[in-house]
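Participant: Please read through the structure below; I'll follow up with questions.
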Amino acid sequence: MKKEILKQYAEKLHEHYLKSKRMPTYSEMLGIFGLRSKNAVYKRIAALVAQGFLEKDSSGRLLPVRLYNPVKILGAVAAGFPSPAEEENIDLMSLDDYLISNPQATYLLKVDGDSMIGAGIMPGDLVLVQKGRTPANGDIVVACVDNEWTLKFFEKHKGKTVLIAANKKYPPIEPKQELVIAGVVIANVRKYK
Amino acid sequence: MSPADFITLSSFPQAIAHIDCDAFFASCEQARDPSLKGRPVVTGKERGIVSCASYEAKARGVARAVRLGDVKKLCPDAVILPSDYELYSIYSCRLFEIMRRFTPEVEEYSIDEAFCDLTGLRRMYRTSYEEIALKIKQSIQKELDITVSVGLSLSKSLAKICSKQHKPDGFTVLPGDRLHIFLKNIALERVCGFGPNTVALLEKQGVKTVFDYIQRPREFAQKMLGKIGLELWHELRGVKVYPVKTEIKESYLSISKTKTFSPASGNREFVKAQLMRNLESAFIKLRRHGLSARCLCVFLKKNDFTSAGLEARINRHSASTLDFTRICVELFEQVFSDGLLYRASGVILSDILKEGNDHFDLFEDPVRVECLRKLSEAADKINDVYGKHTLHIASTEPLGCKRQHPRNNLTWRKTELLKGETFRKRLAIPLLKL
């Protein structure tokens, strides 16, 4: 079987694996590959195993080994030279996994305003915000003060909350009435190209 | 109350929760843009009728399927938004994923409701079923910022009755040893599966409430309503008949495209052109998702709101518009009658598979099939550059090449593209509007 075609099957398996966090059964693969016979599925799986996309464990169940081509983490490498680190068998994660710890509670927010410029958050940046997380001192939070949403450092001492900007132009805010925290900033993404 | 009234003495021989979002589409909009909280929000701007109204709007008398013109009269300060299905599907996926953190047995019943089988989880979480269900509800509310109504009971039918008991933000628990009290006040219409005719029939037999129904012998249920009646009889007595089905619907069951035109028309060429344009649009969507279809249904809606349609199958799956044009015209000629006025036309593609899995017929000409496929591919490319329907099949000529749907009801997200995003492809994470 051609490698290109096998790659397509591997991608389909990977898609299912990401969605359901497990390998599909043979009968599910009928649907995924669009095949009608389990024998056909078996042959493709055998080819995928032979090519090193999949492995079988001691009980014969499938293990995803190399279903897709992620960004490779090469370890600390001296620039310019190929390194044996490339050959090292380390677990790989996608940028998504790296940036996001709870995918169901993470949201995007486009930064507007310069109140966090001192913390390296520029207008137009895209911050990843996690909802439902209790902020700790020093966290950057998305908060609503007097009907205005802002990004600020969160500080709480002796039951008193202060929101501090990373820009001398803005004085610290001590919310008088209600303070709504929409979430905690966990990452900042700035795309140049 | 005598012990004889008990239906079961066991509180939770098994535990099924039904989780149903409150005004889902409107809630998603309010979660993304908190300035909409507490205000009447209505979605469905692109359709001209309400597809979902927030509880604030419902309180003012706005209901589903009300015309938007009437919404403005009932509730002049309503915020009317175009439906953003992209946003709703992301929230829907997250909703189910949160439930799957608690139990692998989750059935995605619709975009905004699910059944969870919690049976046996008490030992793992060292707490009651009620606490587990409450924890799921709280996690959803904390992480998605939308409210859900939860019903917890012994079967899917009972759980669904419970989740509707208190809405919005409800939490209703019905253990087996309380069935005989709770169900006395539940009307028959509340059972999913009992329509107006069933209710009327049962009422003639002196059955007024769900409790009355399950007090009757099983032979009564079997005789009156057959197999379904018996299944529901068991379900409502707390005996699980319907399992929680966990397989995820992966593929489209059908793709349909309908277009209403006003004023209504009796012009054969015009109505045909409208129909063929729908065929084109449906195939564009089919190809965009990498699918192919085998079955085509054509229908025309008359001015008196009745409709007529016909269906045909070809001998293999195809994603090429031209494989279906001749059949579409033939079906049209049989459905269309002169002298009648038509107000809408539509097509439905079904028997859908992933493209590339089609098998050739013995007498098929593979070269021709391949040519048609390439032709569709080229047409899509041209239309991507010069606008949808710029290159079109000849029978749609009366409509010209102008867009069928003017893009004036764009969702906020489509006008707020981030660097690197396109009109067709955006990040799968909701963008907050603060």
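Here, A, B, ... name the chains of the structure tokens in the order displayed, residue numbers run from 1 inside each chain, and ligands are numbered from 1 in the same displayed order.
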Neighbouring residues of Tyr42 in chain A were defined as those with any atom within 12 Å, considering only C-alpha atoms; residues of the same chain fewer than 4 positions away were excluded. Please report them as a list of chain:residue names.
Facilitator: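 Near neighbours after the sequence-gap exclusion: A:Thr25, A:Tyr26, A:Ser27, A:Met29, A:Leu30, A:Phe33, A:Leu35, A:Arg36, A:Ser37, A:Lys38, A:Ala46, A:Ala47, A:Leu48, A:Val49, A:Leu62.
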Participant: Dump as an MDAnalysis selection string the residues of chain A that approach chain B to within 7 Å, counting only C-alpha atoms.
Facilitator: chainID A and resid 34 104:105 107:109 131:132 149
Participant: Set the distance at 12 Å and use only C-alpha atoms: which residues neighbour Ser115 in chain A once local chain neighbours fewer than 6 positions away are removed? I'd like the list as a list in words.
Facilitator: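 The neighbour list is Ile121, Met122, Pro123, Ile140, Val142, Trp149, Thr150, Leu151, Lys152, Phe153, Leu163, Ile164, Ala165, Ala166, Asn167, Lys168, Lys169, Tyr170, Pro171 and Pro172 of chain A.
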Participant: For the selection you just gave me, I'd like the residues written to a file as a PDB file, in the first residue's frame, keeping N, CA and C atoms.
Facilitator:
ATOM      1  N   ILE A 121       2.157  42.693  27.430  1.00  0.00           N
ATOM      2  CA  ILE A 121       0.911  42.438  26.708  1.00  0.00           C
ATOM      3  C   ILE A 121       0.547  43.711  25.938  1.00  0.00           C
ATOM      4  N   MET A 122       0.628  43.615  24.613  1.00  0.00           N
ATOM      5  CA  MET A 122       0.434  44.780  23.749  1.00  0.00           C
ATOM      6  C   MET A 122      -0.996  44.824  23.215  1.00  0.00           C
ATOM      7  N   PRO A 123      -1.470  46.022  22.840  1.00  0.00           N
ATOM      8  CA  PRO A 123      -2.768  46.100  22.169  1.00  0.00           C
ATOM      9  C   PRO A 123      -2.735  45.233  20.913  1.00  0.00           C
ATOM     10  N   ILE A 140      -2.566  37.511  36.193  1.00  0.00           N
ATOM     11  CA  ILE A 140      -3.209  38.549  35.381  1.00  0.00           C
ATOM     12  C   ILE A 140      -4.650  38.107  35.162  1.00  0.00           C
ATOM     13  N   VAL A 142      -8.863  38.974  33.896  1.00  0.00           N
ATOM     14  CA  VAL A 142      -9.798  39.782  33.122  1.00  0.00           C
ATOM     15  C   VAL A 142     -10.913  40.152  34.088  1.00  0.00           C
ATOM     16  N   TRP A 149     -14.338  46.420  31.199  1.00  0.00           N
ATOM     17  CA  TRP A 149     -13.505  45.210  31.286  1.00  0.00           C
ATOM     18  C   TRP A 149     -12.052  45.607  31.137  1.00  0.00           C
ATOM     19  N   THR A 150     -11.201  45.101  32.032  1.00  0.00           N
ATOM     20  CA  THR A 150      -9.780  45.414  31.921  1.00  0.00           C
ATOM     21  C   THR A 150      -8.922  44.203  32.249  1.00  0.00           C
ATOM     22  N   LEU A 151      -7.664  44.283  31.827  1.00  0.00           N
ATOM     23  CA  LEU A 151      -6.661  43.287  32.197  1.00  0.00           C
ATOM     24  C   LEU A 151      -5.800  43.909  33.290  1.00  0.00           C
ATOM     25  N   LYS A 152      -5.631  43.207  34.419  1.00  0.00           N
ATOM     26  CA  LYS A 152      -4.833  43.761  35.509  1.00  0.00           C
ATOM     27  C   LYS A 152      -4.163  42.634  36.293  1.00  0.00           C
ATOM     28  N   PHE A 153      -3.114  42.987  37.040  1.00  0.00           N
ATOM     29  CA  PHE A 153      -2.572  42.054  38.016  1.00  0.00           C
ATOM     30  C   PHE A 153      -3.550  41.972  39.170  1.00  0.00           C
ATOM     31  N   LEU A 163      -6.478  45.779  42.067  1.00  0.00           N
ATOM     32  CA  LEU A 163      -6.121  45.470  40.684  1.00  0.00           C
ATOM     33  C   LEU A 163      -5.051  46.464  40.246  1.00  0.00           C
ATOM     34  N   ILE A 164      -3.925  45.920  39.788  1.00  0.00           N
ATOM     35  CA  ILE A 164      -2.792  46.795  39.482  1.00  0.00           C
ATOM     36  C   ILE A 164      -2.431  46.689  38.009  1.00  0.00           C
ATOM     37  N   ALA A 165      -2.295  47.859  37.366  1.00  0.00           N
ATOM     38  CA  ALA A 165      -1.920  47.871  35.953  1.00  0.00           C
ATOM     39  C   ALA A 165      -0.404  47.754  35.831  1.00  0.00           C
ATOM     40  N   ALA A 166       0.054  47.308  34.664  1.00  0.00           N
ATOM     41  CA  ALA A 166       1.492  47.287  34.406  1.00  0.00           C
ATOM     42  C   ALA A 166       1.820  48.477  33.518  1.00  0.00           C
ATOM     43  N   ASN A 167       1.373  49.631  33.956  1.00  0.00           N
ATOM     44  CA  ASN A 167       1.574  50.863  33.199  1.00  0.00           C
ATOM     45  C   ASN A 167       1.376  52.013  34.173  1.00  0.00           C
ATOM     46  N   LYS A 168       2.414  52.876  34.310  1.00  0.00           N
ATOM     47  CA  LYS A 168       2.353  53.922  35.331  1.00  0.00           C
ATOM     48  C   LYS A 168       1.206  54.894  35.123  1.00  0.00           C
ATOM     49  N   LYS A 169       0.689  54.941  33.878  1.00  0.00           N
ATOM     50  CA  LYS A 169      -0.411  55.868  33.585  1.00  0.00           C
ATOM     51  C   LYS A 169      -1.664  55.569  34.413  1.00  0.00           C
ATOM     52  N   TYR A 170      -1.823  54.298  34.816  1.00  0.00           N
ATOM     53  CA  TYR A 170      -3.060  53.903  35.482  1.00  0.00           C
ATOM     54  C   TYR A 170      -2.817  53.588  36.955  1.00  0.00           C
ATOM     55  N   PRO A 171      -3.513  54.267  37.876  1.00  0.00           N
ATOM     56  CA  PRO A 171      -3.345  53.974  39.310  1.00  0.00           C
ATOM     57  C   PRO A 171      -4.014  52.643  39.665  1.00  0.00           C
ATOM     58  N   PRO A 172      -3.597  52.040  40.808  1.00  0.00           N
ATOM     59  CA  PRO A 172      -4.249  50.792  41.244  1.00  0.00           C
ATOM     60  C   PRO A 172      -5.738  51.019  41.504  1.00  0.00           C
TER      61      PRO A 172
END
Participant: Write out as a list in words which residues come within 10 Å of Gln8 in chain A when counting only C-alpha atoms, dropping same-chain ones fewer than 4 positions away.
Facilitator: Lys3, Glu4, Lys12, Leu13, His14, Phe33, Leu67 and Tyr68 of chain A
Participant: Deliver the residues from the most recent selection as a file, using N, CA and C atoms, as a short mmCIF file (atom, residue, chain, number, x, y, z; two decimals), in the first residue's frame.
Facilitator:
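Generated file (again_26.cif):
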data_model
loop_
_atom_site.label_atom_id
_atom_site.label_comp_id
_atom_site.auth_asym_id
_atom_site.auth_seq_id
_atom_site.Cartn_x
_atom_site.Cartn_y
_atom_site.Cartn_z
N LYS A 3 2.52 4.82 0.67
CA LYS A 3 2.72 5.51 1.92
C LYS A 3 1.76 6.70 2.06
N GLU A 4 1.53 7.37 0.91
CA GLU A 4 0.65 8.55 0.96
C GLU A 4 -0.75 8.16 1.43
N LYS A 12 -6.81 9.98 9.67
CA LYS A 12 -8.20 9.74 10.10
C LYS A 12 -8.23 9.13 11.50
N LEU A 13 -7.32 8.19 11.74
CA LEU A 13 -7.26 7.58 13.06
C LEU A 13 -6.89 8.63 14.11
N HIS A 14 -5.97 9.51 13.72
CA HIS A 14 -5.53 10.54 14.65
C HIS A 14 -6.69 11.47 15.02
N PHE A 33 -12.88 4.72 7.83
CA PHE A 33 -12.19 4.53 6.56
C PHE A 33 -13.16 4.46 5.39
N LEU A 67 0.95 8.89 14.53
CA LEU A 67 -0.18 9.06 13.63
C LEU A 67 -0.12 10.38 12.88
N TYR A 68 0.61 11.33 13.38
CA TYR A 68 0.65 12.63 12.71
C TYR A 68 2.04 13.23 12.84
#
Participant: Can you tell me, as an NGL selection string, what residues are no more than 10 Å from Thr161 in chain A when counting only C-alpha atoms, ignoring any on the same chain fewer than 5 positions away?
Facilitator: :A and (137 or 154-156 or 173-176 or 179)
Participant: Compare A:Val162, A:Leu18, A:Val141, A:Val184 by their minimum atom-to-atom distance to Met116 in chain A, counting only C-alpha atoms, and give me the closest one.
Facilitator: A:Val141
Participant: Check range 19-189 of chain A with DSSP on the backbone and list each residue it calls alpha helix (DSSP H), as an mmCIF file with N, CA and C atoms, in the first residue's frame.
Facilitator:
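Dumped to result.cif:
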data_model
loop_
_atom_site.group_PDB
_atom_site.id
_atom_site.type_symbol
_atom_site.label_atom_id
_atom_site.label_comp_id
_atom_site.auth_asym_id
_atom_site.auth_seq_id
_atom_site.Cartn_x
_atom_site.Cartn_y
_atom_site.Cartn_z
ATOM 1 N N LYS A 19 -10.492 13.196 19.144
ATOM 2 C CA LYS A 19 -11.881 13.448 19.523
ATOM 3 C C LYS A 19 -12.287 12.592 20.706
ATOM 4 N N SER A 20 -11.962 11.292 20.670
ATOM 5 C CA SER A 20 -12.528 10.397 21.670
ATOM 6 C C SER A 20 -11.496 9.923 22.682
ATOM 7 N N TYR A 26 -12.461 -1.976 15.437
ATOM 8 C CA TYR A 26 -12.508 -2.333 14.013
ATOM 9 C C TYR A 26 -13.846 -1.942 13.391
ATOM 10 N N SER A 27 -14.928 -2.120 14.155
ATOM 11 C CA SER A 27 -16.217 -1.790 13.538
ATOM 12 C C SER A 27 -16.365 -0.285 13.379
ATOM 13 N N GLU A 28 -15.773 0.490 14.289
ATOM 14 C CA GLU A 28 -15.812 1.949 14.106
ATOM 15 C C GLU A 28 -14.959 2.352 12.908
ATOM 16 N N MET A 29 -13.870 1.601 12.683
ATOM 17 C CA MET A 29 -12.981 1.940 11.571
ATOM 18 C C MET A 29 -13.670 1.740 10.224
ATOM 19 N N LEU A 30 -14.655 0.837 10.183
ATOM 20 C CA LEU A 30 -15.421 0.677 8.940
ATOM 21 C C LEU A 30 -15.948 2.034 8.518
ATOM 22 N N GLY A 31 -16.541 2.749 9.500
ATOM 23 C CA GLY A 31 -17.104 4.068 9.215
ATOM 24 C C GLY A 31 -16.018 5.090 8.933
ATOM 25 N N ILE A 32 -14.953 5.052 9.709
ATOM 26 C CA ILE A 32 -13.908 6.065 9.594
ATOM 27 C C ILE A 32 -13.193 5.953 8.248
ATOM 28 N N PHE A 33 -12.885 4.716 7.834
ATOM 29 C CA PHE A 33 -12.187 4.531 6.562
ATOM 30 C C PHE A 33 -13.164 4.457 5.392
ATOM 31 N N LYS A 38 -14.442 -5.899 7.501
ATOM 32 C CA LYS A 38 -13.440 -5.791 8.549
ATOM 33 C C LYS A 38 -12.108 -6.365 8.083
ATOM 34 N N ASN A 39 -12.164 -7.271 7.105
ATOM 35 C CA ASN A 39 -10.929 -7.826 6.574
ATOM 36 C C ASN A 39 -10.123 -6.711 5.910
ATOM 37 N N ALA A 40 -10.833 -5.839 5.205
ATOM 38 C CA ALA A 40 -10.161 -4.708 4.561
ATOM 39 C C ALA A 40 -9.532 -3.807 5.621
ATOM 40 N N VAL A 41 -10.268 -3.603 6.715
ATOM 41 C CA VAL A 41 -9.727 -2.789 7.817
ATOM 42 C C VAL A 41 -8.475 -3.453 8.352
ATOM 43 N N TYR A 42 -8.568 -4.772 8.554
ATOM 44 C CA TYR A 42 -7.444 -5.524 9.111
ATOM 45 C C TYR A 42 -6.188 -5.337 8.260
ATOM 46 N N LYS A 43 -6.353 -5.403 6.933
ATOM 47 C CA LYS A 43 -5.197 -5.278 6.048
ATOM 48 C C LYS A 43 -4.542 -3.908 6.167
ATOM 49 N N ARG A 44 -5.390 -2.883 6.255
ATOM 50 C CA ARG A 44 -4.829 -1.531 6.364
ATOM 51 C C ARG A 44 -4.116 -1.325 7.701
ATOM 52 N N ILE A 45 -4.728 -1.891 8.737
ATOM 53 C CA ILE A 45 -4.098 -1.754 10.050
ATOM 54 C C ILE A 45 -2.751 -2.483 10.066
ATOM 55 N N ALA A 46 -2.717 -3.669 9.442
ATOM 56 C CA ALA A 46 -1.473 -4.431 9.390
ATOM 57 C C ALA A 46 -0.397 -3.607 8.685
ATOM 58 N N ALA A 47 -0.799 -2.917 7.593
ATOM 59 C CA ALA A 47 0.160 -2.088 6.863
ATOM 60 C C ALA A 47 0.627 -0.919 7.718
ATOM 61 N N LEU A 48 -0.305 -0.329 8.457
ATOM 62 C CA LEU A 48 0.053 0.804 9.323
ATOM 63 C C LEU A 48 1.021 0.359 10.421
ATOM 64 N N VAL A 49 0.814 -0.850 10.944
ATOM 65 C CA VAL A 49 1.704 -1.381 11.981
ATOM 66 C C VAL A 49 3.083 -1.624 11.373
ATOM 67 N N ALA A 50 3.080 -2.209 10.167
ATOM 68 C CA ALA A 50 4.350 -2.519 9.517
ATOM 69 C C ALA A 50 5.164 -1.257 9.244
ATOM 70 N N LEU A 95 1.191 22.588 20.026
ATOM 71 C CA LEU A 95 1.158 23.920 20.643
ATOM 72 C C LEU A 95 -0.103 24.091 21.488
ATOM 73 N N ASP A 96 -1.214 23.520 21.003
ATOM 74 C CA ASP A 96 -2.472 23.585 21.753
ATOM 75 C C ASP A 96 -2.309 23.003 23.151
ATOM 76 N N ASP A 97 -1.738 21.778 23.205
ATOM 77 C CA ASP A 97 -1.572 21.120 24.500
ATOM 78 C C ASP A 97 -0.642 21.929 25.398
ATOM 79 N N TYR A 98 0.369 22.533 24.759
ATOM 80 C CA TYR A 98 1.348 23.294 25.513
ATOM 81 C C TYR A 98 0.729 24.538 26.151
ATOM 82 N N LEU A 99 -0.120 25.218 25.379
ATOM 83 C CA LEU A 99 -0.668 26.490 25.861
ATOM 84 C C LEU A 99 -1.898 26.314 26.748
#
Participant: Excluding His359 in chain B and residues on its chain fewer than 6 positions from it, collect all residues at most 10 Å away from it, counting only C-alpha atoms, and give them as a PyMOL selection string.
Facilitator: chain B and resi 315-318
Participant: Provide the CA of Arg47 in chain B to CA of Leu253 in chain B distance in Å, to one decimal place.
Facilitator: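 CA of Arg47 in chain B sits 22.7 Å away from CA of Leu253 in chain B.
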Participant: So that I can see what lies close to range 208-225 of chain B, please list as a compact mmCIF listing (two decimals) with N, CA and C atoms, in the first residue's frame the residues with an atom at most 12 Å from it, counting only C-alpha atoms and leaving out residues fewer than 3 positions away in the same chain.
Facilitator:
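Result file is out18.txt:
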# COMPACT_ATOMS: atom_id res chain seq x y z
N ALA B 4 -48.13 -0.38 49.89
CA ALA B 4 -48.53 -0.96 48.61
C ALA B 4 -48.41 0.06 47.47
N ASP B 5 -48.42 1.38 47.85
CA ASP B 5 -48.34 2.42 46.82
C ASP B 5 -46.94 2.57 46.23
N PHE B 6 -45.95 2.09 46.94
CA PHE B 6 -44.58 2.22 46.44
C PHE B 6 -44.42 1.47 45.13
N ILE B 7 -43.72 2.09 44.20
CA ILE B 7 -43.43 1.40 42.95
C ILE B 7 -42.14 0.62 43.09
N THR B 8 -41.16 1.25 43.72
CA THR B 8 -39.94 0.53 44.07
C THR B 8 -39.43 1.10 45.38
N SER B 157 -36.44 8.31 30.33
CA SER B 157 -37.76 8.96 30.28
C SER B 157 -38.02 9.76 31.54
N LEU B 158 -37.68 9.18 32.70
CA LEU B 158 -37.91 9.89 33.96
C LEU B 158 -36.96 11.09 34.10
N ILE B 161 -38.25 14.02 32.14
CA ILE B 161 -39.38 14.70 32.81
C ILE B 161 -38.83 15.62 33.91
N ARG B 178 -39.52 7.71 45.57
CA ARG B 178 -40.41 8.87 45.55
C ARG B 178 -41.25 8.93 44.29
N LEU B 179 -41.10 7.93 43.43
CA LEU B 179 -41.84 7.91 42.17
C LEU B 179 -43.35 8.07 42.40
N HIS B 180 -43.87 7.31 43.37
CA HIS B 180 -45.32 7.29 43.58
C HIS B 180 -45.86 8.64 44.06
N ILE B 181 -45.01 9.48 44.61
CA ILE B 181 -45.47 10.81 45.03
C ILE B 181 -45.32 11.80 43.88
N PHE B 182 -44.12 11.80 43.28
CA PHE B 182 -43.78 12.77 42.24
C PHE B 182 -44.70 12.64 41.02
N LEU B 183 -44.89 11.41 40.56
CA LEU B 183 -45.58 11.22 39.28
C LEU B 183 -47.08 11.49 39.36
N LYS B 184 -47.62 11.63 40.60
CA LYS B 184 -49.05 11.94 40.73
C LYS B 184 -49.39 13.29 40.15
N ASN B 185 -48.40 14.20 40.13
CA ASN B 185 -48.67 15.56 39.65
C ASN B 185 -48.14 15.80 38.24
N ILE B 186 -47.75 14.73 37.56
CA ILE B 186 -47.17 14.93 36.23
C ILE B 186 -48.19 14.55 35.16
N ALA B 187 -48.48 15.52 34.30
CA ALA B 187 -49.45 15.30 33.22
C ALA B 187 -48.85 14.38 32.16
N LEU B 188 -49.71 13.70 31.45
CA LEU B 188 -49.25 12.73 30.45
C LEU B 188 -48.41 13.36 29.33
N GLU B 189 -48.73 14.61 28.96
CA GLU B 189 -47.99 15.25 27.84
C GLU B 189 -46.51 15.40 28.16
N ARG B 190 -46.17 15.35 29.43
CA ARG B 190 -44.77 15.57 29.82
C ARG B 190 -43.87 14.40 29.43
N VAL B 191 -44.49 13.26 29.10
CA VAL B 191 -43.68 12.10 28.74
C VAL B 191 -43.23 12.23 27.28
N CYS B 192 -41.92 12.09 27.06
CA CYS B 192 -41.38 12.16 25.72
C CYS B 192 -41.82 10.90 24.98
N GLY B 193 -42.69 11.05 24.00
CA GLY B 193 -43.23 9.88 23.30
C GLY B 193 -44.75 9.84 23.36
N PHE B 194 -45.34 10.60 24.26
CA PHE B 194 -46.80 10.72 24.32
C PHE B 194 -47.22 11.99 23.59
N GLY B 195 -47.79 11.85 22.41
CA GLY B 195 -48.28 13.01 21.67
C GLY B 195 -49.73 13.25 22.02
N ASN B 197 -52.48 12.64 20.48
CA ASN B 197 -53.40 11.53 20.23
C ASN B 197 -53.31 10.46 21.30
N THR B 198 -52.09 10.16 21.73
CA THR B 198 -51.89 9.17 22.79
C THR B 198 -52.55 9.66 24.08
N VAL B 199 -52.32 10.94 24.38
CA VAL B 199 -52.88 11.51 25.61
C VAL B 199 -54.40 11.43 25.58
N ALA B 200 -54.99 11.78 24.42
CA ALA B 200 -56.44 11.75 24.29
C ALA B 200 -56.97 10.33 24.51
N LEU B 201 -56.27 9.36 23.92
CA LEU B 201 -56.69 7.96 24.06
C LEU B 201 -56.65 7.51 25.51
N LEU B 202 -55.53 7.84 26.18
CA LEU B 202 -55.38 7.42 27.57
C LEU B 202 -56.40 8.09 28.47
N GLU B 203 -56.69 9.36 28.18
CA GLU B 203 -57.65 10.07 29.02
C GLU B 203 -59.04 9.45 28.91
N LYS B 204 -59.36 8.95 27.71
CA LYS B 204 -60.65 8.28 27.54
C LYS B 204 -60.74 7.02 28.40
N GLN B 205 -59.57 6.45 28.73
CA GLN B 205 -59.54 5.25 29.56
C GLN B 205 -59.43 5.60 31.04
N ILE B 228 -44.10 0.34 22.09
CA ILE B 228 -43.58 1.59 22.67
C ILE B 228 -44.25 1.86 24.02
N GLY B 229 -45.57 1.61 24.07
CA GLY B 229 -46.32 1.85 25.30
C GLY B 229 -45.78 1.03 26.45
N LEU B 230 -45.43 -0.22 26.15
CA LEU B 230 -44.91 -1.12 27.18
C LEU B 230 -43.52 -0.67 27.62
N GLU B 231 -42.70 -0.26 26.63
CA GLU B 231 -41.35 0.21 26.97
C GLU B 231 -41.42 1.42 27.88
N LEU B 232 -42.31 2.36 27.53
CA LEU B 232 -42.44 3.56 28.36
C LEU B 232 -43.00 3.22 29.74
N TRP B 233 -43.88 2.25 29.78
CA TRP B 233 -44.47 1.83 31.06
C TRP B 233 -43.35 1.39 32.01
N HIS B 234 -42.41 0.58 31.46
CA HIS B 234 -41.27 0.14 32.27
C HIS B 234 -40.39 1.33 32.65
N GLU B 235 -40.07 2.15 31.66
CA GLU B 235 -39.19 3.30 31.90
C GLU B 235 -39.75 4.18 33.01
N LEU B 236 -41.05 4.43 32.95
CA LEU B 236 -41.68 5.34 33.92
C LEU B 236 -41.78 4.70 35.30
N ARG B 237 -41.67 3.37 35.36
CA ARG B 237 -41.64 2.68 36.65
C ARG B 237 -40.21 2.54 37.16
N GLY B 238 -39.29 3.19 36.47
CA GLY B 238 -37.91 3.17 36.96
C GLY B 238 -37.11 1.97 36.48
N VAL B 239 -37.63 1.23 35.50
CA VAL B 239 -36.88 0.11 34.95
C VAL B 239 -36.26 0.57 33.63
Participant: Pick from A:Asp125, A:Gln177, A:Arg66, A:Lys158: nearest to Val145 in chain A, with only C-alpha atoms counted?
Facilitator: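 Ranked by minimum distance to Val145 in chain A, first place goes to A:Gln177.
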Participant: Give me, please, the distance in Å between CA of Ala17 in chain B and CA of Thr172 in chain B, quoted to one decimal.
Facilitator: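 Separation between CA of Ala17 in chain B and CA of Thr172 in chain B: 9.7 Å.
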Participant: Using Å and a single decimal, report how far CA of Ile352 in chain B sits from CA of Ala394 in chain B.
Facilitator: 26.1 Å
